[in-house]
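Undergrad: The following file, model.txt, comprises compact mmCIF, C-alpha atoms:
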# COMPACT_ATOMS: atom_id res chain seq x y z
CA MET I 1 24.60 37.80 29.66
CA ALA I 2 28.09 37.79 28.19
CA GLU I 3 29.25 39.75 31.21
CA PHE I 4 27.72 37.16 33.52
CA LEU I 5 29.44 34.32 31.67
CA GLU I 6 32.74 36.17 31.84
CA MET I 7 32.65 36.33 35.65
CA GLY I 8 34.93 39.36 35.79
CA GLY I 9 37.58 37.59 33.74
CA TYR I 10 37.48 34.44 35.88
CA GLY I 11 34.80 32.70 33.81
CA ARG I 12 36.89 29.68 32.91
CA TYR I 13 37.74 28.93 36.53
CA VAL I 14 34.21 29.46 37.86
CA TRP I 15 32.47 27.50 35.10
CA SER I 16 35.03 24.71 35.13
CA SER I 17 34.43 24.36 38.87
CA TYR I 18 30.66 24.17 38.50
CA GLY I 19 31.14 21.81 35.54
CA ALA I 20 33.39 19.46 37.53
CA PHE I 21 30.86 19.55 40.37
CA ALA I 22 27.98 18.73 38.01
CA ILE I 23 29.85 15.88 36.31
CA VAL I 24 30.90 14.22 39.57
CA VAL I 25 27.50 14.63 41.30
CA LEU I 26 25.48 13.50 38.26
CA GLY I 27 27.93 10.64 37.76
CA LEU I 28 27.39 9.53 41.36
CA VAL I 29 23.61 9.77 41.06
CA VAL I 30 23.48 7.85 37.75
CA TRP I 31 25.91 5.18 38.97
CA THR I 32 23.97 4.71 42.23
CA LEU I 33 20.60 4.41 40.47
CA ARG I 34 21.88 2.07 37.75
CA ARG I 35 23.47 -0.24 40.29
CA SER I 36 20.29 -0.16 42.37
CA ALA I 37 18.16 -1.08 39.35
CA ALA I 38 20.53 -3.90 38.31
CA VAL I 39 20.56 -5.47 41.78
CA ARG I 40 16.77 -5.16 42.15
CA ARG I 41 16.30 -6.89 38.80
CA GLU I 42 18.68 -9.70 39.71
CA LEU I 43 16.99 -10.25 43.09
CA ALA I 44 13.54 -10.30 41.46
CA GLU I 45 14.72 -12.92 38.94
CA ILE I 46 16.17 -15.17 41.63
CA GLU I 47 13.06 -14.90 43.78
CA ALA I 48 10.85 -15.67 40.77
CA GLN I 49 12.93 -18.77 40.00
CA ARG I 50 12.61 -19.98 43.58
CA ASN I 51 8.85 -19.56 43.51
CA ASP I 52 8.63 -21.59 40.29
CA LYS I 53 10.27 -24.60 41.85
CA MET X 1 26.69 0.87 76.33
CA ASN X 2 25.14 0.89 79.75
CA ARG X 3 23.85 -2.37 81.05
CA GLY X 4 20.33 -1.17 81.63
CA MET X 5 19.65 -1.04 77.92
CA SER X 6 20.34 -4.66 77.16
CA THR X 7 18.06 -5.92 79.90
CA LYS X 8 15.10 -3.86 78.73
CA THR X 9 14.13 -5.88 75.70
CA LYS X 10 11.14 -3.76 74.77
CA ALA X 11 12.87 -0.39 74.82
CA PRO X 12 13.04 1.01 71.27
CA SER X 13 16.60 1.80 70.37
CA ILE X 14 18.67 2.92 67.43
CA TRP X 15 20.00 -0.64 67.16
CA THR X 16 16.58 -1.72 65.93
CA PHE X 17 17.56 -0.22 62.58
CA ALA X 18 20.71 -2.28 62.42
CA ASN X 19 18.35 -5.08 61.48
CA PRO X 20 18.23 -5.20 57.64
CA HIS X 21 14.47 -5.70 57.56
CA ASN X 22 13.80 -2.67 59.76
CA PHE X 23 16.34 -0.66 57.82
CA MET X 24 14.59 -1.38 54.51
CA ARG X 25 11.26 -0.35 55.96
CA LEU X 26 12.46 2.90 57.53
CA SER X 27 14.76 3.92 54.67
CA GLY X 28 11.95 3.33 52.18
CA VAL X 29 9.92 5.97 53.98
CA ILE X 30 12.73 8.52 54.35
CA LEU X 31 14.34 8.12 50.92
CA PRO X 32 11.82 9.92 48.65
CA TRP X 33 11.70 12.93 51.00
CA ALA X 34 15.47 13.10 51.29
CA ALA X 35 15.83 12.90 47.50
CA ILE X 36 13.26 15.63 46.86
CA ALA X 37 14.71 17.87 49.56
CA ALA X 38 18.24 17.32 48.23
CA ALA X 39 17.26 18.23 44.66
CA ALA X 40 15.28 21.31 45.79
CA THR X 41 17.96 22.72 48.11
CA MET X 42 20.68 22.00 45.55
CA LEU X 43 18.83 23.93 42.83
CA VAL X 44 18.06 26.86 45.14
CA GLY X 45 21.62 26.85 46.48
CA ILE X 46 23.27 26.80 43.04
CA GLY X 47 20.88 29.44 41.71
CA TRP X 48 21.53 31.73 44.66
CA SER X 49 25.30 31.15 44.54
CA LEU X 50 25.59 31.93 40.83
CA PHE X 51 23.05 34.72 40.36
CA TYR X 52 22.54 36.53 43.64
CA THR X 53 25.94 36.75 45.27
CA PRO X 54 28.27 39.75 44.92
CA ALA X 55 31.89 39.56 43.86
CA ASP X 56 34.39 39.52 46.72
CA TYR X 57 36.47 42.67 47.14
CA GLN X 58 39.70 40.64 47.14
CA GLN X 59 38.89 37.56 45.12
CA GLY X 60 36.41 38.94 42.59
CA GLU X 61 34.05 36.46 41.00
CA THR X 62 36.25 33.47 41.89
CA VAL X 63 34.48 33.58 45.26
CA LYS X 64 31.62 31.77 43.49
CA ILE X 65 33.80 28.65 43.67
CA LEU X 66 33.44 28.87 47.47
CA PHE X 67 29.86 27.63 47.34
CA ILE X 68 30.84 24.28 45.88
CA HIS X 69 34.38 23.98 47.22
CA VAL X 70 33.57 24.45 50.93
CA PRO X 71 30.59 22.03 51.12
CA ALA X 72 32.51 19.40 49.13
CA ALA X 73 35.56 19.70 51.38
CA LEU X 74 33.34 19.59 54.47
CA MET X 75 31.65 16.43 53.21
CA ALA X 76 34.98 14.87 52.25
CA VAL X 77 35.86 14.83 55.96
CA ASN X 78 32.39 14.26 57.43
CA VAL X 79 31.53 11.33 55.17
CA TYR X 80 34.80 9.76 56.24
CA ALA X 81 33.82 10.33 59.87
CA VAL X 82 30.55 8.51 59.18
CA MET X 83 32.56 5.63 57.69
CA VAL X 84 34.84 5.49 60.76
CA VAL X 85 31.87 5.35 63.16
CA ALA X 86 30.05 2.77 61.02
CA SER X 87 33.22 0.67 60.71
CA LEU X 88 33.78 0.76 64.47
CA ILE X 89 30.19 -0.30 65.15
CA GLY X 90 30.56 -3.02 62.51
CA LEU X 91 33.78 -4.32 64.06
CA ILE X 92 32.65 -4.16 67.69
CA ARG X 93 28.93 -4.90 67.62
CA ARG X 94 28.88 -7.02 64.43
CA HIS X 95 25.78 -5.34 63.05
CA PRO X 96 25.38 -6.40 59.44
CA VAL X 97 24.09 -3.06 58.18
CA SER X 98 26.93 -0.99 59.72
CA HIS X 99 29.61 -2.24 57.34
CA LEU X 100 27.23 -1.69 54.43
CA VAL X 101 26.73 1.91 55.51
CA ALA X 102 30.49 2.45 55.45
CA LYS X 103 30.80 0.67 52.11
CA SER X 104 28.02 2.74 50.51
CA ALA X 105 29.38 6.00 51.92
CA ALA X 106 32.83 5.51 50.36
CA PRO X 107 32.10 6.36 46.70
CA ILE X 108 30.06 9.38 47.77
CA GLY X 109 32.87 10.62 50.01
CA ALA X 110 35.42 9.99 47.28
CA GLY X 111 33.27 12.02 44.86
CA PHE X 112 33.09 14.97 47.25
CA THR X 113 36.84 14.77 47.90
CA LEU X 114 37.51 14.82 44.17
CA ILE X 115 35.25 17.87 43.76
CA ALA X 116 37.06 19.62 46.64
CA ILE X 117 40.47 18.98 45.05
CA LEU X 118 39.39 19.94 41.50
CA THR X 119 37.59 23.13 42.54
CA GLY X 120 40.48 23.94 44.87
CA ALA X 121 42.89 23.74 41.93
CA LEU X 122 40.59 25.91 39.81
CA TRP X 123 40.46 28.45 42.63
CA GLY X 124 44.16 28.23 43.50
CA GLN X 125 45.31 28.89 39.94
CA PRO X 126 43.92 32.45 39.72
CA MET X 127 44.25 33.35 43.44
CA TRP X 128 47.48 31.68 44.57
CA GLY X 129 49.06 31.44 41.13
CA ALA X 130 49.27 27.65 41.42
CA PRO X 131 46.65 24.90 41.15
CA TRP X 132 48.43 22.77 43.73
CA VAL X 133 50.84 23.28 46.62
CA TRP X 134 52.14 20.60 48.96
CA ASP X 135 50.90 22.25 52.10
CA ALA X 136 49.54 20.34 55.09
CA ARG X 137 45.86 20.70 54.31
CA LEU X 138 45.98 19.96 50.59
CA THR X 139 48.31 17.02 51.11
CA SER X 140 46.16 15.43 53.81
CA VAL X 141 43.06 15.79 51.63
CA LEU X 142 44.90 14.06 48.77
CA VAL X 143 45.94 11.22 51.10
CA LEU X 144 42.31 11.04 52.25
CA LEU X 145 41.24 10.54 48.62
CA PHE X 146 43.75 7.67 48.36
CA PHE X 147 42.24 6.10 51.48
CA TYR X 148 38.78 6.33 49.93
CA ILE X 149 40.06 4.68 46.75
CA GLY X 150 41.99 2.03 48.69
CA TYR X 151 38.92 1.30 50.81
CA ILE X 152 36.72 0.82 47.72
CA ALA X 153 39.41 -1.30 46.05
CA LEU X 154 39.79 -3.51 49.12
CA TRP X 155 36.05 -4.25 49.19
CA SER X 156 36.06 -5.30 45.55
CA ALA X 157 39.29 -7.29 45.87
CA ILE X 158 37.95 -9.74 48.47
CA ASP X 159 35.16 -12.14 47.52
CA GLU X 160 34.11 -13.17 51.02
CA PRO X 161 31.94 -10.21 52.15
CA ASN X 162 32.44 -10.63 55.91
CA LYS X 163 36.20 -10.76 55.55
CA ALA X 164 36.16 -7.80 53.16
CA ALA X 165 34.04 -5.84 55.64
CA ASP X 166 36.45 -6.38 58.53
CA LEU X 167 39.62 -5.65 56.55
CA ALA X 168 38.11 -2.57 54.89
CA ALA X 169 36.92 -1.34 58.30
CA ILE X 170 40.46 -1.63 59.69
CA LEU X 171 41.86 0.27 56.68
CA CYS X 172 39.17 2.91 57.25
CA LEU X 173 40.31 3.39 60.87
CA PHE X 174 43.90 4.05 59.76
CA GLY X 175 42.68 6.69 57.33
CA SER X 176 40.88 8.57 60.11
CA VAL X 177 44.21 10.24 60.94
CA PHE X 178 44.16 11.98 57.57
CA ALA X 179 40.47 12.86 57.82
CA PHE X 180 41.33 14.55 61.13
CA LEU X 181 44.35 16.33 59.60
CA SER X 182 42.28 17.43 56.60
CA ARG X 183 39.98 19.27 58.99
CA TYR X 184 42.49 20.62 61.50
CA ALA X 185 45.74 21.06 59.57
CA VAL X 186 45.03 24.79 59.13
CA GLN X 187 45.01 25.17 62.90
CA PHE X 188 48.18 23.17 63.59
CA TRP X 189 50.42 24.70 60.97
CA ASN X 190 50.69 27.87 58.96
CA THR X 191 49.37 26.73 55.64
CA LEU X 192 48.78 28.59 52.42
CA HIS X 193 45.18 27.48 52.65
CA GLN X 194 43.06 29.90 54.64
CA GLY X 195 41.45 28.97 57.93
CA THR X 196 37.85 28.38 58.87
CA SER X 197 35.50 30.94 57.38
CA ILE X 198 32.33 30.07 59.26
CA GLY X 199 31.69 29.16 62.85
CA VAL X 200 31.04 30.74 66.22
CA SER X 201 34.64 31.69 66.90
CA ALA X 202 35.78 32.50 63.38
CA GLN X 203 37.30 35.97 63.34
CA ASN X 204 36.87 36.56 59.66
CA ASN X 205 33.32 35.39 59.42
CA LEU X 206 31.71 35.46 56.04
CA HIS X 207 29.38 38.27 55.18
CA ASP X 208 25.68 37.33 55.22
CA SER X 209 25.46 37.60 51.43
CA PHE X 210 27.90 34.66 51.21
CA PHE X 211 26.87 32.93 54.41
CA TYR X 212 23.22 32.20 53.50
CA PRO X 213 23.77 30.59 50.09
CA LEU X 214 26.73 28.67 51.52
CA THR X 215 24.55 27.34 54.34
CA ILE X 216 21.92 26.20 51.83
CA MET X 217 24.60 24.47 49.77
CA ILE X 218 25.93 22.69 52.87
CA VAL X 219 22.42 21.51 53.79
CA ALA X 220 21.93 20.39 50.17
CA HIS X 221 25.14 18.36 50.33
CA TYR X 222 24.07 16.63 53.55
CA LEU X 223 20.68 15.78 52.02
CA LEU X 224 22.31 14.52 48.82
CA PHE X 225 24.63 12.36 50.92
CA ILE X 226 21.70 10.94 52.92
CA ALA X 227 19.67 10.17 49.78
CA LEU X 228 22.58 8.52 47.94
CA LEU X 229 23.61 6.62 51.08
CA LEU X 230 20.12 5.22 51.61
CA VAL X 231 19.90 4.04 48.00
CA GLY X 232 23.39 2.54 48.31
CA VAL X 233 22.69 0.67 51.56
CA ARG X 234 19.39 -0.65 50.22
CA THR X 235 21.26 -1.92 47.17
CA GLU X 236 23.91 -3.58 49.37
CA ILE X 237 21.27 -5.29 51.52
CA ARG X 238 19.64 -6.66 48.36
CA ALA X 239 23.03 -7.77 47.04
CA ARG X 240 23.63 -9.66 50.30
CA ARG X 241 20.23 -11.29 49.91
CA ILE X 242 21.16 -12.41 46.39
CA LEU X 243 24.36 -13.92 47.74
CA ALA X 244 22.50 -15.76 50.51
CA LEU X 245 19.88 -17.14 48.10
CA ARG X 246 22.60 -18.30 45.68
CA ARG X 247 24.35 -20.14 48.50
CA GLN X 248 21.14 -21.78 49.59
CA SER X 249 20.42 -23.16 46.15
CA ALA X 250 24.04 -24.14 45.42
Could you express the structure from this file as structure tokens?
TA:
Amino acid sequence: MAEFLEMGGYGRYVWSSYGAFAIVVLGLVVWTLRRSAAVRRELAEIEAQRNDK
Amino acid sequence: MNRGMSTKTKAPSIWTFANPHNFMRLSGVILPWAAIAAAATMLVGIGWSLFYTPADYQQGETVKILFIHVPAALMAVNVYAVMVVASLIGLIRRHPVSHLVAKSAAPIGAGFTLIAILTGALWGQPMWGAPWVWDARLTSVLVLLFFYIGYIALWSAIDEPNKAADLAAILCLFGSVFAFLSRYAVQFWNTLHQGTSIGVSAQNNLHDSFFYPLTIMIVAHYLLFIALLLVGVRTEIRARRILALRRQSA
């Protein structure tokens, strides 16, 4: 296990790379879904208001 | 476009999906499958890359960075190519969804470009002895990142969406030079960055033990791009609808 994490002495470079990848990809996914949810909610509110009138 | 197509009104064509309503319908069907496939291939690809690949005889375990660096760099250029095509269609044929495709692709492309640069630095430090060199390929990828950022900034700087779409599309076309250079700089000049490692003509083709997990990672990146793009475009279409409804009631 420790040997695997060490990556032949290059552990910090390999894990930093995968970490940067994970942060950017998860960041993109979360940002995309949050924005999608916010816009859906706003559209639903506006459409509900119009139907009330 | 050939003239025959426009006269045949009933012929199904790809332009049908430039209609926002049709796009919402079709993308709603594709999206869940794309998302599931993206997540599955990404997990398999990362697992294979980390646990089942050997160390390289020259680069040791740093070769594991290949499996995220190469797909990210590939997508950095290809997502930009998608934006160029979408921008051109938006400018020439005035399809409303085209510009929204380009707009939604930008943050994804910028993300991949950032990953390519960061992982490149983390690979360059141990292998080249420097995280960054101003060679043709690295420099053009950095300029490409600035075009992505400029494109996103231009969209958010202009309130009128149609005007923003046209100006951003024109900016996007200028940046295509650097997308092209990012891909082909290694063939034009002698750069520190190595050349193509996969392809029909590549002399130093990757060994199968690297090639298969890399291929899965590349497929995973395409699927992730498609899934994120579909969510993004659907959001943009809804945002346009909000704008239109607000204007109606104002």
Undergrad: Would you give me, as a PDB file with C-alpha atoms, keeping the file's coordinate frame, the residues of chain X that come within 6 Å of chain I, using all atoms listed in the file?
TA:
ATOM      1  CA  GLU X  61      34.050  36.460  41.000  1.00  0.00           C
ATOM      2  CA  ILE X  65      33.800  28.650  43.670  1.00  0.00           C
ATOM      3  CA  ILE X 115      35.250  17.870  43.760  1.00  0.00           C
ATOM      4  CA  THR X 119      37.590  23.130  42.540  1.00  0.00           C
ATOM      5  CA  LEU X 122      40.590  25.910  39.810  1.00  0.00           C
ATOM      6  CA  THR X 235      21.260  -1.920  47.170  1.00  0.00           C
ATOM      7  CA  ILE X 242      21.160 -12.410  46.390  1.00  0.00           C
TER       8      ILE X 242
END
Undergrad: Rounded to one decimal place, report the atom CA of X:Asp135-atom CA of X:Leu74 distance in Å.
TA: 17.9 Å
Undergrad: Have a look at atom CA of X:Gln187 and atom CA of X:Ser140 and let me know their distance in Å, one decimal.
TA: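 Atom-to-atom, atom CA of X:Gln187 to atom CA of X:Ser140, that is 13.4 Å.
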Undergrad: Give me, please, the distance in Å between atom CA of X:Phe174 and atom CA of X:Val85, quoted to one decimal.
TA: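 The value is 12.6 Å.
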Undergrad: Using all atoms listed in the file, find the one residue out of X:Arg238, X:Arg25, X:His207, X:Arg246 that sits nearest to X:Leu100.
TA: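 The shortest atom-to-atom distance to X:Leu100 comes from X:Arg238.
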Undergrad: For X:Trp33, which residue among X:Ile237, X:Leu224, X:Asn190, X:Asn19 is the nearest when counting all atoms listed in the file?
TA: X:Leu224
Undergrad: Within 8 Å of X:Lys103, counting only C-alpha atoms, which residues qualify if same-chain residues fewer than 4 places away don't, as a list in words?
TA: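 My reading of the contact set: Met83, His99, Pro107, Ile152 and Trp155 of chain X.
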Undergrad: Please provide the set of residues having any atom within 10 Å of X:Trp48, restricted to all atoms listed in the file, with same-chain residues fewer than 3 positions apart removed, written as a ChimeraX atom specification.
TA: /X:42-45,51-53,67,209-210,212-214,216-217
Undergrad: Please put the answer as lines of an AutoDock Vina configuration file: centre and edge lengths, in Å with one decimal, of a box along x, y and z that encloses all listed atoms of stretch 4-21 of chain I plus 3 Å on each side.
TA:
center_x = 32.7
center_y = 29.4
center_z = 36.0
size_x = 16.0
size_y = 25.9
size_z = 14.7
